[in-house]
Amino acid sequence: MTDKPIPAEWSPHRAMWVGWPSHAELWEDNLLPAQAEVEALVRALAGPGREAVRLMVGNEEALEEARTRFAGVEGVEVVGGRFGDIWLRDTGPIFGAGSVRAAAFRFNGWGGKYDLPHDDAVAEQIGQAAGVALDRYAFVLEGGALDHDGVGTVLTTRQCLLNPNRNGDWTETKAEAALAEALGARKVLWLGDGLLNDHTDGHVDNLARFVGPGVVACPIAWGEDDPNAEVYDTVARDLAGMTDADGRAIQVLRVPSPGRIEDDGEVIPASHMNFLVANGAVIVPTYGDDRAADLACQALKTAFPDREIIPLPSLAILSGGGSFHCISQQEPE
């Protein structure tokens, strides 16, 4: 696509894409709660001086209701489209510098686990609606599997990127070459496993995120029964021994996790790392523990002192498998 690296998420955006829960058969009893959570996100994003929100609705049945719901909300454009579900971070394109072009990849339903109609056409739909030409690549890649620092350092996990259910012949060397060609990656920082029971096979946007040049946030366990305590400590230890593409030693910011969150007795991959960096704000997903959420927001405020830190509930969205970062994709200025 370009020799220029993907801009960091904290760089200015001209627009933010967000997926709207559109399919009652997928969300069942959580449809209306998930729509309420996404509405709160959209209204926070579209606040004065923030984002131009492009809200993508996945079918005709949901389109009219969404247009009515957001009628008169300044900065929100409701866009009709087709998708299997709302995870635009993974199914949409990755926009390059200035959103002059965007990279589109094969999508195979997170390693064949969730093969839904139209998800493999989301990147093309977003590219057309945004008026941005797509550079297409033949390998499988989801946007949530990577995080970018703006100077060519890419953060990812071996569990996902080297999983044989994506690109069966990939080694670290082959993956690095592909990311360099498509996304201008100069250096890849490899972490190991992601969160327990994460159906994405360990997407890094649930595990560790760049929050500034040479600075990566990752969780610290909350509560004695946090199921990911060992994973968090391994990530922090690994990061502390790494350098970025410019040779800076990585500084690690530990952010309290939400702790043990269950759905019908099963641990689910709740993460404050699925925050969304917007123009003027950082939107932080919360999962019912106000103290953990407050401490996470305080930690992120140290990394983003000039942005408003906005905690918003995301339990219903999480029932579908992700949170705010997973359902969004930015167009950099």
# chains A, B, ... in the order shown; residues from 1 in each chain; ligands from 1

$ residues_around --residues "segment 57-65 of chain A" --least-positions-apart "3" --cutoff "10 Å" --atoms "only C-alpha atoms" --output "number ranges by chain"
A: 18-24, 54, 68-71, 78-86, 118-119, 122

$ residues_around --residues "Val252 of chain A" --least-positions-apart "5" --cutoff "10 Å" --atoms "only C-alpha atoms" --output "PDB file with N, CA, C and O atoms, in the first residue's frame"
ATOM      1  N   ALA A 208      -2.976  -5.688  24.857  1.00  0.00           N
ATOM      2  CA  ALA A 208      -1.966  -4.646  25.016  1.00  0.00           C
ATOM      3  C   ALA A 208      -2.124  -3.625  23.899  1.00  0.00           C
ATOM      4  O   ALA A 208      -2.374  -3.998  22.753  1.00  0.00           O
ATOM      5  N   ARG A 209      -1.948  -2.329  24.255  1.00  0.00           N
ATOM      6  CA  ARG A 209      -2.187  -1.258  23.284  1.00  0.00           C
ATOM      7  C   ARG A 209      -1.126  -0.172  23.427  1.00  0.00           C
ATOM      8  O   ARG A 209      -0.770   0.226  24.537  1.00  0.00           O
ATOM      9  N   PHE A 210      -0.680   0.354  22.304  1.00  0.00           N
ATOM     10  CA  PHE A 210       0.148   1.556  22.344  1.00  0.00           C
ATOM     11  C   PHE A 210      -0.689   2.729  22.857  1.00  0.00           C
ATOM     12  O   PHE A 210      -1.838   2.927  22.428  1.00  0.00           O
ATOM     13  N   VAL A 211      -0.107   3.514  23.766  1.00  0.00           N
ATOM     14  CA  VAL A 211      -0.779   4.715  24.275  1.00  0.00           C
ATOM     15  C   VAL A 211       0.084   5.949  24.096  1.00  0.00           C
ATOM     16  O   VAL A 211      -0.280   7.041  24.532  1.00  0.00           O
ATOM     17  N   GLY A 214       6.594   4.680  22.270  1.00  0.00           N
ATOM     18  CA  GLY A 214       7.379   3.859  23.177  1.00  0.00           C
ATOM     19  C   GLY A 214       6.668   3.433  24.447  1.00  0.00           C
ATOM     20  O   GLY A 214       7.304   2.903  25.359  1.00  0.00           O
ATOM     21  N   VAL A 215       5.345   3.619  24.510  1.00  0.00           N
ATOM     22  CA  VAL A 215       4.588   3.285  25.722  1.00  0.00           C
ATOM     23  C   VAL A 215       3.454   2.324  25.355  1.00  0.00           C
ATOM     24  O   VAL A 215       2.661   2.605  24.449  1.00  0.00           O
ATOM     25  N   VAL A 216       3.374   1.199  26.065  1.00  0.00           N
ATOM     26  CA  VAL A 216       2.325   0.209  25.834  1.00  0.00           C
ATOM     27  C   VAL A 216       1.586  -0.047  27.135  1.00  0.00           C
ATOM     28  O   VAL A 216       2.195  -0.282  28.176  1.00  0.00           O
ATOM     29  N   ALA A 217       0.262   0.023  27.074  1.00  0.00           N
ATOM     30  CA  ALA A 217      -0.587  -0.328  28.213  1.00  0.00           C
ATOM     31  C   ALA A 217      -0.932  -1.801  28.151  1.00  0.00           C
ATOM     32  O   ALA A 217      -1.196  -2.342  27.070  1.00  0.00           O
ATOM     33  N   CYS A 218      -0.914  -2.462  29.299  1.00  0.00           N
ATOM     34  CA  CYS A 218      -1.386  -3.838  29.401  1.00  0.00           C
ATOM     35  C   CYS A 218      -1.992  -4.024  30.782  1.00  0.00           C
ATOM     36  O   CYS A 218      -1.706  -3.261  31.704  1.00  0.00           O
ATOM     37  N   PRO A 219      -2.843  -5.019  30.953  1.00  0.00           N
ATOM     38  CA  PRO A 219      -3.572  -5.146  32.219  1.00  0.00           C
ATOM     39  C   PRO A 219      -2.703  -5.663  33.358  1.00  0.00           C
ATOM     40  O   PRO A 219      -1.654  -6.281  33.161  1.00  0.00           O
ATOM     41  N   VAL A 235       2.920 -10.812  29.632  1.00  0.00           N
ATOM     42  CA  VAL A 235       2.918  -9.729  28.642  1.00  0.00           C
ATOM     43  C   VAL A 235       3.754  -8.550  29.125  1.00  0.00           C
ATOM     44  O   VAL A 235       4.593  -8.007  28.392  1.00  0.00           O
ATOM     45  N   ALA A 236       3.538  -8.133  30.379  1.00  0.00           N
ATOM     46  CA  ALA A 236       4.273  -6.992  30.924  1.00  0.00           C
ATOM     47  C   ALA A 236       5.776  -7.275  30.950  1.00  0.00           C
ATOM     48  O   ALA A 236       6.597  -6.406  30.602  1.00  0.00           O
ATOM     49  N   ARG A 237       6.136  -8.474  31.336  1.00  0.00           N
ATOM     50  CA  ARG A 237       7.554  -8.852  31.402  1.00  0.00           C
ATOM     51  C   ARG A 237       8.174  -8.873  29.998  1.00  0.00           C
ATOM     52  O   ARG A 237       9.295  -8.371  29.802  1.00  0.00           O
ATOM     53  N   ASP A 238       7.447  -9.430  29.038  1.00  0.00           N
ATOM     54  CA  ASP A 238       7.963  -9.481  27.672  1.00  0.00           C
ATOM     55  C   ASP A 238       8.137  -8.075  27.092  1.00  0.00           C
ATOM     56  O   ASP A 238       9.162  -7.759  26.475  1.00  0.00           O
ATOM     57  N   LEU A 239       7.135  -7.227  27.283  1.00  0.00           N
ATOM     58  CA  LEU A 239       7.195  -5.867  26.741  1.00  0.00           C
ATOM     59  C   LEU A 239       8.371  -5.088  27.317  1.00  0.00           C
ATOM     60  O   LEU A 239       9.015  -4.297  26.613  1.00  0.00           O
ATOM     61  N   ALA A 240       8.634  -5.303  28.587  1.00  0.00           N
ATOM     62  CA  ALA A 240       9.700  -4.548  29.252  1.00  0.00           C
ATOM     63  C   ALA A 240      11.074  -4.828  28.661  1.00  0.00           C
ATOM     64  O   ALA A 240      12.010  -4.040  28.850  1.00  0.00           O
TER      65      ALA A 240
END

$ closest_residue --among "A:Gly75, A:Pro305, A:Gly259, A:Gly321" --to "Gly49 of chain A" --atoms "only C-alpha atoms"
A:Gly75

$ select_by_dssp --residues "segment 104-323 of chain A" --states "strand (DSSP E)" --output "PyMOL selection string"
chain A and resi 104-106+133-140+147-148+153-157+187-191+209-212+215-220+251-256+262-263+266-267+276-278+281-286+308-313

$ residues_around --residues "Asp306 of chain A" --least-positions-apart "3" --cutoff "12 Å" --atoms "only C-alpha atoms" --output "number ranges by chain"
A: 10, 277-282, 300-303, 309

$ closest_residue --among "A:Leu146, A:Val132, A:Ala178, A:Ala185" --to "Glu9 of chain A" --atoms "only C-alpha atoms"
A:Leu146

$ residues_around --residues "segment 325-332 of chain A" --least-positions-apart "2" --cutoff "6 Å" --atoms "only C-alpha atoms" --output "list in words"
Pro12, His13, Arg14, Ala15, Met16, Trp17, Val18, Gly19, Ile86, Trp87, Leu88, Arg89, Phe95, Gly98, Ser99, Asn274, Phe275, Leu276, Gly322 and Ser323 of chain A

$ write_last_selection --atoms "C-alpha atoms" --output "PDB file, in the first residue's frame"
ATOM      1  CA  PRO A  12      -6.480  13.037  14.227  1.00  0.00           C
ATOM      2  CA  HIS A  13      -9.380  11.300  12.466  1.00  0.00           C
ATOM      3  CA  ARG A  14     -11.603  12.595   9.725  1.00  0.00           C
ATOM      4  CA  ALA A  15     -14.239   9.972  10.572  1.00  0.00           C
ATOM      5  CA  MET A  16     -14.939   6.942  12.750  1.00  0.00           C
ATOM      6  CA  TRP A  17     -16.848   3.917  11.495  1.00  0.00           C
ATOM      7  CA  VAL A  18     -19.035   2.084  14.027  1.00  0.00           C
ATOM      8  CA  GLY A  19     -21.127  -1.069  13.521  1.00  0.00           C
ATOM      9  CA  ILE A  86     -20.755  -5.434  13.882  1.00  0.00           C
ATOM     10  CA  TRP A  87     -17.024  -6.210  14.220  1.00  0.00           C
ATOM     11  CA  LEU A  88     -15.817  -3.631  11.706  1.00  0.00           C
ATOM     12  CA  ARG A  89     -12.311  -3.509  13.213  1.00  0.00           C
ATOM     13  CA  PHE A  95      -6.807   3.104   6.441  1.00  0.00           C
ATOM     14  CA  GLY A  98      -4.345  10.648   5.261  1.00  0.00           C
ATOM     15  CA  SER A  99      -6.898   7.969   4.316  1.00  0.00           C
ATOM     16  CA  ASN A 274     -10.568  -2.492  24.178  1.00  0.00           C
ATOM     17  CA  PHE A 275     -10.742   1.271  24.671  1.00  0.00           C
ATOM     18  CA  LEU A 276     -11.226   3.522  21.648  1.00  0.00           C
ATOM     19  CA  GLY A 322     -15.977  -7.866  21.752  1.00  0.00           C
ATOM     20  CA  SER A 323     -16.266  -4.238  22.744  1.00  0.00           C
TER      21      SER A 323
END

$ select_by_dssp --residues "segment 34-201 of chain A" --states "helix (DSSP H, G or I)" --output "ChimeraX atom specification"
/A:34-45,60-69,88-91,97-99,109-112,119-130,143-145,158-161,172-183

$ decode --residues "segment 274-305 of chain A" --atoms "C-alpha atoms" --output "short mmCIF file (atom, residue, chain, number, x, y, z; two decimals), in the first residue's frame"
data_model
loop_
_atom_site.label_atom_id
_atom_site.label_comp_id
_atom_site.auth_asym_id
_atom_site.auth_seq_id
_atom_site.Cartn_x
_atom_site.Cartn_y
_atom_site.Cartn_z
CA ASN A 274 -10.57 -2.49 24.18
CA PHE A 275 -10.74 1.27 24.67
CA LEU A 276 -11.23 3.52 21.65
CA VAL A 277 -9.02 6.60 21.16
CA ALA A 278 -11.11 9.36 19.58
CA ASN A 279 -10.54 12.99 18.73
CA GLY A 280 -10.52 14.61 22.16
CA ALA A 281 -11.58 11.52 24.12
CA VAL A 282 -10.79 7.96 25.10
CA ILE A 283 -13.86 5.76 25.46
CA VAL A 284 -13.27 2.96 27.98
CA PRO A 285 -15.53 -0.12 28.16
CA THR A 286 -16.73 -1.10 31.62
CA TYR A 287 -18.23 -4.37 32.83
CA GLY A 288 -19.96 -3.74 36.14
CA ASP A 289 -17.07 -3.23 38.58
CA ASP A 290 -17.03 0.53 39.18
CA ARG A 291 -13.82 0.51 41.21
CA ALA A 292 -11.86 -1.43 38.60
CA ALA A 293 -13.21 0.83 35.87
CA ASP A 294 -12.31 3.99 37.80
CA LEU A 295 -8.75 2.82 38.37
CA ALA A 296 -8.39 1.87 34.71
CA CYS A 297 -9.60 5.32 33.67
CA GLN A 298 -7.16 6.98 36.07
CA ALA A 299 -4.30 4.98 34.57
CA LEU A 300 -5.29 5.85 31.00
CA LYS A 301 -5.59 9.53 31.96
CA THR A 302 -1.85 9.54 32.67
CA ALA A 303 -1.26 8.48 29.05
CA PHE A 304 -3.88 10.81 27.54
CA PRO A 305 -3.90 13.91 29.79
#
